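Written out below as structure tokens is the structure these notes cover.
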Amino acid sequence: MKNIFSHPEKSIAAKLIIAIGLLMIVVSFIFWYATLKKQEEDIMSIALKYGDSFVQFTKRSTRHSMLIYERDETQRVLENLSTPEGVHRVRIYDHSGTVLFCSRGSTVGKPVDSASIACQGCHRNPGTSPVLLREPKTWNVYKDEKGNTAIKLIGTIPNEPDCYTASCHVHRQEEQTLGFIEADLSLALLDEALFKQGLALTAYVIIFVLAVSLFLGIILYKIVSRPVYELTDAMDHVANGDLGYSVPIKSSDEIGMLAKAFNAMIKDIKAARDQREQWTQTLEVEISKKTDEIRKTHANLVQTEKLASLGRMAAGVAHEINNPLTGVVTFAHLLKKRFPAESDESQDLDIIIEQSERCSKIIKNLLTFARATPTEKGKVSINDVLRRTIFMVQNQEKFHHIKFNVTLEDSQFVIVGDSSQFQQIFLNMFINAADAMGGRGNITVGTRTIVEEKKPYVEIEFTDEGTGIKKEDMLKLFEPFFTTKPVGKGTGLGLSVSHGIVKHFGGNIKVKSEIGKGTSFFVRLPLPSSDAKKSHE
């Protein structure tokens with residue numbers, strides 16, 4: 001607790017205790033003052049009630065003597081009434097302010113002080129104007145010679161029938177008030193009672209404020225100050241690197257929630273630090289792995305460059321071979337004219353022409369694929385490109401033991417694009433299927449129209465009977481240089497390039513595979529809306 005008030009500007013509990021303490025003092029003072037004023041009003045109300053009763057008693061006591069006009073008896077009654085303790089003076093005076101009777105006989109016959117309530121209570125300007133106040137004041141509080149509170153009460157003596165019909169003295173019937181009774185009563189006992197009540201109330205308020213402040217300080221210390229100090233101490237431990245420290249607060253209030261969040265944060269920081277240290281320890285191993293991957297990637301790039309060079313050379317060789325083949329076909333036709341149509345020589349020449357044209361077509365497709373001849377984008381029939389690609393691969397040694405099951409929908413599936421790029425996609429699919437089957441088996445090829453997200457597509461299916469693709473490899477199929485083939489058998493660029501071409505044309509590639517049963521690739525290319533309607537018709 002000493003630490004709280006040594007630097008109150010640095011303590012939330014001290015600020016709360018001081019603020020609430022000041023608030024309690026202000027509220028308690030207001031309550032104390034209001035209670036004292038209420039007690040004073042209540043006591044004054046009681047004093048007026050009993051004072052008025054005394055005035056009425058005085059009026060009844062002097063009524064008989066005044067009716068029979070016994071002045072000595074009236075004087076004697078007033079003197080007897082002033083004998084009890086607390087009664088200072090009782091007197092009777094008329095409208096002119098002349099004292100007729102008084103418990104102190106020395107004032108009889110003397111005029112009433114015009115500045116007293118006897119005159120000021122009824123007249124606006126006593127002595128100068130007879131005008132009366134609308135609401136006369138009948139009592140007044142003042143301090144007597146001893147400094148005690150006293151009250152002066154004024155009562156009227158009304159004109160009764162007995163007064164204006166008496167035989168001894170007669171008053172006019174029109175007079176409403178014959179005179180006034182004035183009583184001066186001491187309130188010393190009430191002052192003493194009020195003083196004692198004020199002292200008791202003050203003591204009660206002070207004890208209440210001190211007790212509540214003490215308990216409030218203890219409560220705030222336990223609920224606010226100590227938990228906050230524990231949080232601060234925990235922060236110091238964490239700042240010094242002690243991440244194993246936790247805040248020992250188990251409450252379920254806001255500070256408890258803050259402590260739980262702080263402990264959770266420390267655990268997360270510790271876990272992050274441990275992970276960082278572990279990463280630092282294994283960084284060399286990871287760098288070594290990445291270095292090996294870079295070396296493999298570099299080797300794949302070198303191999304890709306070799307394949308590209310080989311492709312350019314093959315295109316050049318194919319172009320050179322195409323010229324002699326053209327001469328062979330030309331001279332075979334010239335030679336065929338020298339023999340009869342049904343002769344054996346003519347039939348042999350037909351075989352030479354057929355095989356030469358077949359070789360020429362293969363070379364033409366190879367030139368188209370290798371882009372040895374310039375091509376431009378235009379309308380391309382997917383079915384036609386697919387047939388040319390199948391025809392080209394069927395004459396390669398790798399596909400001699402592979403059977404093609406071709407089912408093409410009766411539609412041209414015309415798409416604006418580059419036929420050589422589409423041929424490259426199809427050729428990559430066939431080569432991957434042949435490698436997956438080890439050069440033996442069936443390849444199913446088909447085209448069909450589908451609608452995906454309300455858009456028409458042509459779907460080209462390539463299904464093989466190979467070994468299938470592992471689940472962990474499915475997500476990496478279209479990554480550049482990813483391949484499951486042995487070194488020298490593939491570059492890992494075929495599917496990546498094909499995927500890029502298909503995406504460029506707004507399509508996608510779907511893959512389904514089952515280990516030991518084969519793999520299906522579904523190449524989907526968007527169709528113009530008009531072509532889609534025709535294919536459905």
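We name chains A, B, ... following the order of the structure tokens; residues begin at 1 in each chain, and ligands are numbered from 1 as shown.
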
- Message: Which residues are close to A:Gln394, i.e. within 12 Å by only C-alpha atoms, leaving aside same-chain residues fewer than 6 positions away? Reply as a list in words.
- Response: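 Here the answer would be Arg358, Ile362, Arg387, Arg388, His400, His401, Ile402, Lys403, Phe404, Leu427, Phe430, Ile431, Ala434, Gly439 and Ile443 of chain A.
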
Create the file for the chosen residues now, containing N, CA and C atoms and written as a tab-separated table (two decimals), in the first residue's frame.
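Result file part.tsv:
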```tsv
chain	number	residue	atom	x	y	z
A	358	ARG	N	3.30	-40.47	-98.07
A	358	ARG	CA	3.16	-40.64	-96.62
A	358	ARG	C	4.35	-40.01	-95.91
A	362	ILE	N	4.36	-36.85	-93.28
A	362	ILE	CA	4.98	-36.90	-91.96
A	362	ILE	C	5.95	-35.73	-91.78
A	387	ARG	N	-6.35	-35.40	-85.79
A	387	ARG	CA	-6.11	-36.49	-86.75
A	387	ARG	C	-4.69	-36.42	-87.31
A	388	ARG	N	-4.22	-35.21	-87.64
A	388	ARG	CA	-2.87	-35.08	-88.17
A	388	ARG	C	-1.82	-35.51	-87.14
A	400	HIS	N	4.62	-48.01	-82.28
A	400	HIS	CA	4.33	-49.17	-83.15
A	400	HIS	C	3.49	-50.22	-82.44
A	401	HIS	N	3.61	-50.31	-81.10
A	401	HIS	CA	2.86	-51.32	-80.34
A	401	HIS	C	1.75	-50.68	-79.51
A	402	ILE	N	1.30	-49.54	-79.93
A	402	ILE	CA	0.21	-48.84	-79.23
A	402	ILE	C	-0.97	-48.69	-80.17
A	403	LYS	N	-2.16	-49.04	-79.66
A	403	LYS	CA	-3.38	-48.95	-80.45
A	403	LYS	C	-4.15	-47.69	-80.03
A	404	PHE	N	-4.62	-46.93	-81.01
A	404	PHE	CA	-5.39	-45.71	-80.76
A	404	PHE	C	-6.87	-45.99	-80.92
A	427	LEU	N	0.61	-33.67	-78.96
A	427	LEU	CA	1.80	-34.51	-79.06
A	427	LEU	C	2.38	-34.77	-77.67
A	430	PHE	N	0.32	-37.50	-76.04
A	430	PHE	CA	0.59	-38.84	-76.59
A	430	PHE	C	1.93	-39.37	-76.09
A	431	ILE	N	2.96	-38.52	-76.09
A	431	ILE	CA	4.28	-38.97	-75.65
A	431	ILE	C	4.25	-39.37	-74.18
A	434	ALA	N	2.49	-42.74	-73.92
A	434	ALA	CA	3.35	-43.84	-74.37
A	434	ALA	C	4.42	-44.17	-73.34
A	439	GLY	N	5.38	-48.07	-73.91
A	439	GLY	CA	5.34	-48.32	-75.35
A	439	GLY	C	4.37	-49.39	-75.77
A	443	ILE	N	-4.47	-46.32	-76.21
A	443	ILE	CA	-4.70	-44.92	-75.90
A	443	ILE	C	-6.08	-44.54	-76.44
```

- Task: Just the residues within 12 Å of A:Leu100, please, counting only C-alpha atoms, with nothing from its chain fewer than 3 positions along; format it as a ChimeraX atom specification.
- Result: /A:66,71-72,74-75,78,90-97,103-112,178-182

- Message: Using DSSP secondary structure from the backbone, list all strand (DSSP E or B) positions within stretch 67-292 of chain A, as a PyMOL selection string.
- Response: chain A and resi 87-93+98-102+111+123+132+139-143+149-158+177-186

Selection to disk with N, CA, C and O atoms, as a short mmCIF file (atom, residue, chain, number, x, y, z; two decimals), in the first residue's frame:
```
data_model
loop_
_atom_site.label_atom_id
_atom_site.label_comp_id
_atom_site.auth_asym_id
_atom_site.auth_seq_id
_atom_site.Cartn_x
_atom_site.Cartn_y
_atom_site.Cartn_z
N VAL A 87 -39.72 30.87 28.86
CA VAL A 87 -40.65 31.94 28.48
C VAL A 87 -40.01 33.24 28.92
O VAL A 87 -39.89 33.54 30.12
N HIS A 88 -39.59 34.04 27.94
CA HIS A 88 -38.94 35.31 28.26
C HIS A 88 -39.95 36.40 28.64
O HIS A 88 -39.80 37.08 29.66
N ARG A 89 -40.97 36.52 27.80
CA ARG A 89 -41.89 37.64 28.00
C ARG A 89 -43.19 37.36 27.28
O ARG A 89 -43.20 36.76 26.19
N VAL A 90 -44.31 37.84 27.89
CA VAL A 90 -45.63 37.76 27.27
C VAL A 90 -46.29 39.13 27.46
O VAL A 90 -46.31 39.66 28.59
N ARG A 91 -46.81 39.71 26.40
CA ARG A 91 -47.46 41.02 26.51
C ARG A 91 -48.60 41.12 25.52
O ARG A 91 -48.64 40.40 24.51
N ILE A 92 -49.52 42.08 25.85
CA ILE A 92 -50.69 42.34 25.02
C ILE A 92 -50.69 43.83 24.70
O ILE A 92 -50.49 44.66 25.58
N TYR A 93 -50.89 44.17 23.40
CA TYR A 93 -50.95 45.57 23.00
C TYR A 93 -52.05 45.74 21.97
O TYR A 93 -52.53 44.77 21.37
N THR A 98 -49.57 50.38 21.76
CA THR A 98 -49.37 50.63 23.19
C THR A 98 -49.50 49.33 23.95
O THR A 98 -50.48 48.59 23.77
N VAL A 99 -48.52 49.04 24.80
CA VAL A 99 -48.55 47.81 25.59
C VAL A 99 -49.57 47.98 26.71
O VAL A 99 -49.44 48.89 27.54
N LEU A 100 -50.56 47.10 26.73
CA LEU A 100 -51.60 47.14 27.75
C LEU A 100 -51.25 46.26 28.94
O LEU A 100 -51.48 46.64 30.10
N PHE A 101 -50.72 45.07 28.65
CA PHE A 101 -50.37 44.13 29.71
C PHE A 101 -49.02 43.52 29.33
O PHE A 101 -48.73 43.28 28.15
N CYS A 102 -48.19 43.19 30.34
CA CYS A 102 -46.88 42.58 30.06
C CYS A 102 -46.44 41.78 31.28
O CYS A 102 -46.69 42.21 32.44
N PRO A 111 -44.89 52.28 24.15
CA PRO A 111 -45.20 51.85 22.77
C PRO A 111 -44.28 50.69 22.33
O PRO A 111 -43.15 50.55 22.80
N HIS A 123 -47.76 46.05 8.97
CA HIS A 123 -47.79 47.31 8.23
C HIS A 123 -46.61 47.40 7.28
O HIS A 123 -45.49 46.98 7.61
N LEU A 132 -51.84 47.72 5.19
CA LEU A 132 -51.41 46.44 5.76
C LEU A 132 -50.84 45.52 4.68
O LEU A 132 -51.17 45.65 3.49
N TRP A 139 -44.32 35.46 13.13
CA TRP A 139 -43.25 34.97 13.99
C TRP A 139 -41.89 35.41 13.45
O TRP A 139 -41.75 35.74 12.28
N ASN A 140 -40.90 35.40 14.33
CA ASN A 140 -39.56 35.81 13.96
C ASN A 140 -38.57 35.15 14.91
O ASN A 140 -38.86 34.95 16.10
N VAL A 141 -37.39 34.82 14.39
CA VAL A 141 -36.35 34.17 15.16
C VAL A 141 -35.22 35.18 15.37
O VAL A 141 -34.83 35.89 14.43
N TYR A 142 -34.68 35.23 16.58
CA TYR A 142 -33.62 36.18 16.89
C TYR A 142 -32.74 35.60 18.01
O TYR A 142 -33.06 34.52 18.56
N LYS A 143 -31.67 36.28 18.32
CA LYS A 143 -30.76 35.88 19.38
C LYS A 143 -31.05 36.72 20.63
O LYS A 143 -31.12 37.96 20.55
N THR A 149 -30.90 31.11 20.71
CA THR A 149 -31.96 31.37 19.75
C THR A 149 -33.28 31.53 20.47
O THR A 149 -33.59 30.76 21.40
N ALA A 150 -34.05 32.53 20.08
CA ALA A 150 -35.37 32.77 20.65
C ALA A 150 -36.34 33.02 19.51
O ALA A 150 -35.95 33.42 18.40
N ILE A 151 -37.61 32.82 19.80
CA ILE A 151 -38.64 33.00 18.79
C ILE A 151 -39.71 33.95 19.34
O ILE A 151 -40.10 33.86 20.50
N LYS A 152 -40.13 34.88 18.54
CA LYS A 152 -41.19 35.84 18.90
C LYS A 152 -42.40 35.48 18.07
O LYS A 152 -42.35 35.44 16.84
N LEU A 153 -43.54 35.23 18.74
CA LEU A 153 -44.77 34.87 18.05
C LEU A 153 -45.85 35.91 18.34
O LEU A 153 -45.96 36.41 19.48
N ILE A 154 -46.64 36.24 17.32
CA ILE A 154 -47.71 37.24 17.43
C ILE A 154 -49.04 36.54 17.17
O ILE A 154 -49.20 35.85 16.15
N GLY A 155 -49.96 36.71 18.09
CA GLY A 155 -51.30 36.18 17.91
C GLY A 155 -52.34 37.29 18.03
O GLY A 155 -52.17 38.24 18.82
N THR A 156 -53.41 37.21 17.31
CA THR A 156 -54.46 38.24 17.33
C THR A 156 -55.52 37.91 18.37
O THR A 156 -55.75 36.73 18.69
N ILE A 157 -56.15 38.98 18.90
CA ILE A 157 -57.31 38.82 19.80
C ILE A 157 -58.53 39.25 19.01
O ILE A 157 -58.74 40.47 18.77
N PRO A 158 -59.35 38.31 18.52
CA PRO A 158 -60.48 38.67 17.66
C PRO A 158 -61.63 39.29 18.47
O PRO A 158 -61.75 39.06 19.68
N THR A 177 -60.31 42.84 14.95
CA THR A 177 -59.23 42.49 15.86
C THR A 177 -59.15 43.55 16.94
O THR A 177 -59.06 44.76 16.64
N LEU A 178 -59.18 43.10 18.23
CA LEU A 178 -59.14 44.04 19.33
C LEU A 178 -57.72 44.36 19.79
O LEU A 178 -57.44 45.43 20.29
N GLY A 179 -56.81 43.37 19.61
CA GLY A 179 -55.42 43.57 20.03
C GLY A 179 -54.57 42.37 19.64
O GLY A 179 -54.99 41.49 18.87
N PHE A 180 -53.35 42.37 20.21
CA PHE A 180 -52.40 41.33 19.84
C PHE A 180 -51.72 40.77 21.09
O PHE A 180 -51.48 41.49 22.06
N ILE A 181 -51.43 39.47 21.04
CA ILE A 181 -50.67 38.80 22.10
C ILE A 181 -49.29 38.47 21.55
O ILE A 181 -49.18 37.85 20.48
N GLU A 182 -48.25 38.90 22.23
CA GLU A 182 -46.88 38.65 21.79
C GLU A 182 -46.17 37.82 22.85
O GLU A 182 -46.20 38.16 24.03
N ALA A 183 -45.54 36.68 22.36
CA ALA A 183 -44.82 35.78 23.28
C ALA A 183 -43.40 35.61 22.79
O ALA A 183 -43.16 35.32 21.60
N ASP A 184 -42.44 35.81 23.70
CA ASP A 184 -41.02 35.58 23.40
C ASP A 184 -40.58 34.32 24.12
O ASP A 184 -40.55 34.28 25.37
N LEU A 185 -40.24 33.28 23.34
CA LEU A 185 -39.89 31.97 23.90
C LEU A 185 -38.45 31.64 23.56
O LEU A 185 -37.98 31.89 22.43
N SER A 186 -37.74 31.07 24.49
CA SER A 186 -36.34 30.67 24.28
C SER A 186 -36.28 29.28 23.65
O SER A 186 -37.04 28.38 24.02
#
```

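As for atom CA of A:Ser411 and atom CA of A:Ile363, they are spaced 27.1 Å apart.
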
- List the neighbours of A:Val406 out to 7 Å using only C-alpha atoms; skip same-chain residues closer than 6 positions along the sequence, and give me the result as a PyMOL selection string. chain A and resi 444-446

List as a PDB file with all heavy atoms, in the first residue's frame the protein and nucleic acid residues near A:Thr447, meaning an atom at most 7 Å away when only C-alpha atoms are counted, but skip any in the same chain fewer than 5 places from it.
```pdb
ATOM      1  N   THR A 407     -12.531 -41.658 -80.918  1.00  0.00           N
ATOM      2  CA  THR A 407     -13.961 -41.372 -81.029  1.00  0.00           C
ATOM      3  C   THR A 407     -14.123 -39.848 -81.046  1.00  0.00           C
ATOM      4  O   THR A 407     -14.053 -39.183 -80.010  1.00  0.00           O
ATOM      5  CB  THR A 407     -14.747 -41.963 -79.844  1.00  0.00           C
ATOM      6  OG1 THR A 407     -14.492 -43.359 -79.757  1.00  0.00           O
ATOM      7  CG2 THR A 407     -16.242 -41.740 -80.031  1.00  0.00           C
ATOM      8  N   LEU A 408     -14.325 -39.313 -82.244  1.00  0.00           N
ATOM      9  CA  LEU A 408     -14.442 -37.871 -82.393  1.00  0.00           C
ATOM     10  C   LEU A 408     -15.887 -37.495 -82.678  1.00  0.00           C
ATOM     11  O   LEU A 408     -16.557 -38.125 -83.493  1.00  0.00           O
ATOM     12  CB  LEU A 408     -13.533 -37.366 -83.532  1.00  0.00           C
ATOM     13  CG  LEU A 408     -12.039 -37.718 -83.430  1.00  0.00           C
ATOM     14  CD1 LEU A 408     -11.275 -37.129 -84.600  1.00  0.00           C
ATOM     15  CD2 LEU A 408     -11.459 -37.219 -82.118  1.00  0.00           C
ATOM     16  N   GLU A 409     -16.368 -36.474 -82.029  1.00  0.00           N
ATOM     17  CA  GLU A 409     -17.739 -36.015 -82.233  1.00  0.00           C
ATOM     18  C   GLU A 409     -17.856 -35.401 -83.627  1.00  0.00           C
ATOM     19  O   GLU A 409     -16.895 -34.822 -84.159  1.00  0.00           O
ATOM     20  CB  GLU A 409     -18.092 -34.976 -81.150  1.00  0.00           C
ATOM     21  CG  GLU A 409     -19.573 -34.606 -81.128  1.00  0.00           C
ATOM     22  CD  GLU A 409     -19.902 -33.704 -79.942  1.00  0.00           C
ATOM     23  OE1 GLU A 409     -19.715 -34.160 -78.800  1.00  0.00           O
ATOM     24  OE2 GLU A 409     -20.327 -32.555 -80.176  1.00  0.00           O
ATOM     25  N   VAL A 458     -14.979 -27.432 -75.869  1.00  0.00           N
ATOM     26  CA  VAL A 458     -14.680 -28.706 -76.496  1.00  0.00           C
ATOM     27  C   VAL A 458     -13.712 -29.431 -75.565  1.00  0.00           C
ATOM     28  O   VAL A 458     -12.686 -28.886 -75.157  1.00  0.00           O
ATOM     29  CB  VAL A 458     -14.073 -28.534 -77.902  1.00  0.00           C
ATOM     30  CG1 VAL A 458     -12.849 -27.625 -77.884  1.00  0.00           C
ATOM     31  CG2 VAL A 458     -13.684 -29.912 -78.477  1.00  0.00           C
ATOM     32  N   GLU A 459     -14.056 -30.662 -75.207  1.00  0.00           N
ATOM     33  CA  GLU A 459     -13.221 -31.446 -74.298  1.00  0.00           C
ATOM     34  C   GLU A 459     -12.528 -32.551 -75.087  1.00  0.00           C
ATOM     35  O   GLU A 459     -13.188 -33.357 -75.762  1.00  0.00           O
ATOM     36  CB  GLU A 459     -14.074 -32.040 -73.183  1.00  0.00           C
ATOM     37  CG  GLU A 459     -13.263 -32.828 -72.158  1.00  0.00           C
ATOM     38  CD  GLU A 459     -14.124 -33.395 -71.059  1.00  0.00           C
ATOM     39  OE1 GLU A 459     -14.827 -34.398 -71.322  1.00  0.00           O
ATOM     40  OE2 GLU A 459     -14.108 -32.841 -69.946  1.00  0.00           O
ATOM     41  N   ILE A 460     -11.180 -32.577 -75.024  1.00  0.00           N
ATOM     42  CA  ILE A 460     -10.385 -33.605 -75.702  1.00  0.00           C
ATOM     43  C   ILE A 460      -9.831 -34.542 -74.637  1.00  0.00           C
ATOM     44  O   ILE A 460      -9.115 -34.106 -73.739  1.00  0.00           O
ATOM     45  CB  ILE A 460      -9.231 -32.996 -76.517  1.00  0.00           C
ATOM     46  CG1 ILE A 460      -9.765 -31.913 -77.466  1.00  0.00           C
ATOM     47  CG2 ILE A 460      -8.509 -34.080 -77.293  1.00  0.00           C
ATOM     48  CD1 ILE A 460      -9.548 -30.506 -76.981  1.00  0.00           C
ATOM     49  N   GLU A 461     -10.200 -35.815 -74.742  1.00  0.00           N
ATOM     50  CA  GLU A 461      -9.809 -36.807 -73.744  1.00  0.00           C
ATOM     51  C   GLU A 461      -8.598 -37.594 -74.224  1.00  0.00           C
ATOM     52  O   GLU A 461      -8.536 -38.036 -75.380  1.00  0.00           O
ATOM     53  CB  GLU A 461     -10.968 -37.752 -73.453  1.00  0.00           C
ATOM     54  CG  GLU A 461     -10.604 -38.865 -72.473  1.00  0.00           C
ATOM     55  CD  GLU A 461     -11.706 -39.884 -72.306  1.00  0.00           C
ATOM     56  OE1 GLU A 461     -12.812 -39.655 -72.860  1.00  0.00           O
ATOM     57  OE2 GLU A 461     -11.484 -40.904 -71.645  1.00  0.00           O
TER      58      GLU A 461
END
```

- List the neighbours of A:Asn148 out to 7 Å using only C-alpha atoms; skip same-chain residues closer than 3 positions along the sequence, and give me the result as an MDAnalysis selection string. chainID A and resid 143:144 187:188

With N, CA and C atoms retained, export the selected residues as a short mmCIF file (atom, residue, chain, number, x, y, z; two decimals), in the first residue's frame.
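Output file result-v9.cif is given in full below:
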```
data_model
loop_
_atom_site.label_atom_id
_atom_site.label_comp_id
_atom_site.auth_asym_id
_atom_site.auth_seq_id
_atom_site.Cartn_x
_atom_site.Cartn_y
_atom_site.Cartn_z
N LYS A 143 -31.67 36.28 18.32
CA LYS A 143 -30.76 35.88 19.38
C LYS A 143 -31.05 36.72 20.63
N ASP A 144 -31.19 36.05 21.79
CA ASP A 144 -31.46 36.77 23.02
C ASP A 144 -30.17 37.31 23.65
N LEU A 187 -35.32 29.13 22.69
CA LEU A 187 -35.09 27.83 22.02
C LEU A 187 -33.72 27.28 22.38
N ALA A 188 -33.26 27.60 23.58
CA ALA A 188 -31.92 27.16 24.00
C ALA A 188 -31.82 25.65 24.04
#
```

- Message: Just to confirm, what's the straight-line distance from atom CA of A:Asp242 to atom CA of A:Phe262 in Å (one decimal)?
- Response: 13.6 Å

- Message: I need the helix (DSSP H, G or I) residues of stretch 45-227 of chain A per DSSP on the backbone, written as an NGL selection string.
- Response: :A and (45-67 or 71-81 or 105-107 or 117-120 or 161-164 or 188-227)

- Task: Write out as JSON, numbers by chain each polymer residue whose atoms come within 9 Å of stretch 469-476 of chain A, counting only C-alpha atoms; drop sequence neighbours fewer than 5 positions from it.
- Result: {"A": [482, 483, 484, 511, 512, 513, 514, 515, 516, 518, 519]}

File of the preceding selection, C-alpha atoms, as a PDB file, in the first residue's frame:
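The new file again00.pdb reads:
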```pdb
ATOM      1  CA  PHE A 482       8.833 -31.401 -62.620  1.00  0.00           C
ATOM      2  CA  THR A 483       9.068 -34.944 -64.007  1.00  0.00           C
ATOM      3  CA  THR A 484       8.897 -38.489 -62.706  1.00  0.00           C
ATOM      4  CA  VAL A 511      -6.609 -34.908 -64.526  1.00  0.00           C
ATOM      5  CA  LYS A 512      -7.939 -38.222 -63.196  1.00  0.00           C
ATOM      6  CA  SER A 513      -5.582 -41.008 -62.244  1.00  0.00           C
ATOM      7  CA  GLU A 514      -5.581 -44.314 -60.413  1.00  0.00           C
ATOM      8  CA  ILE A 515      -2.396 -46.162 -59.507  1.00  0.00           C
ATOM      9  CA  GLY A 516      -1.977 -49.282 -61.633  1.00  0.00           C
ATOM     10  CA  GLY A 518      -4.020 -45.478 -65.874  1.00  0.00           C
ATOM     11  CA  THR A 519      -4.473 -41.722 -66.240  1.00  0.00           C
TER      12      THR A 519
END
```

- Task: Work out how far apart atom CA of A:Ser288 and atom CA of A:Leu301 are and give it in Å to one decimal.
- Result: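 Taking atom CA of A:Ser288 as the start and atom CA of A:Leu301 as the end point, the length is 19.9 Å.
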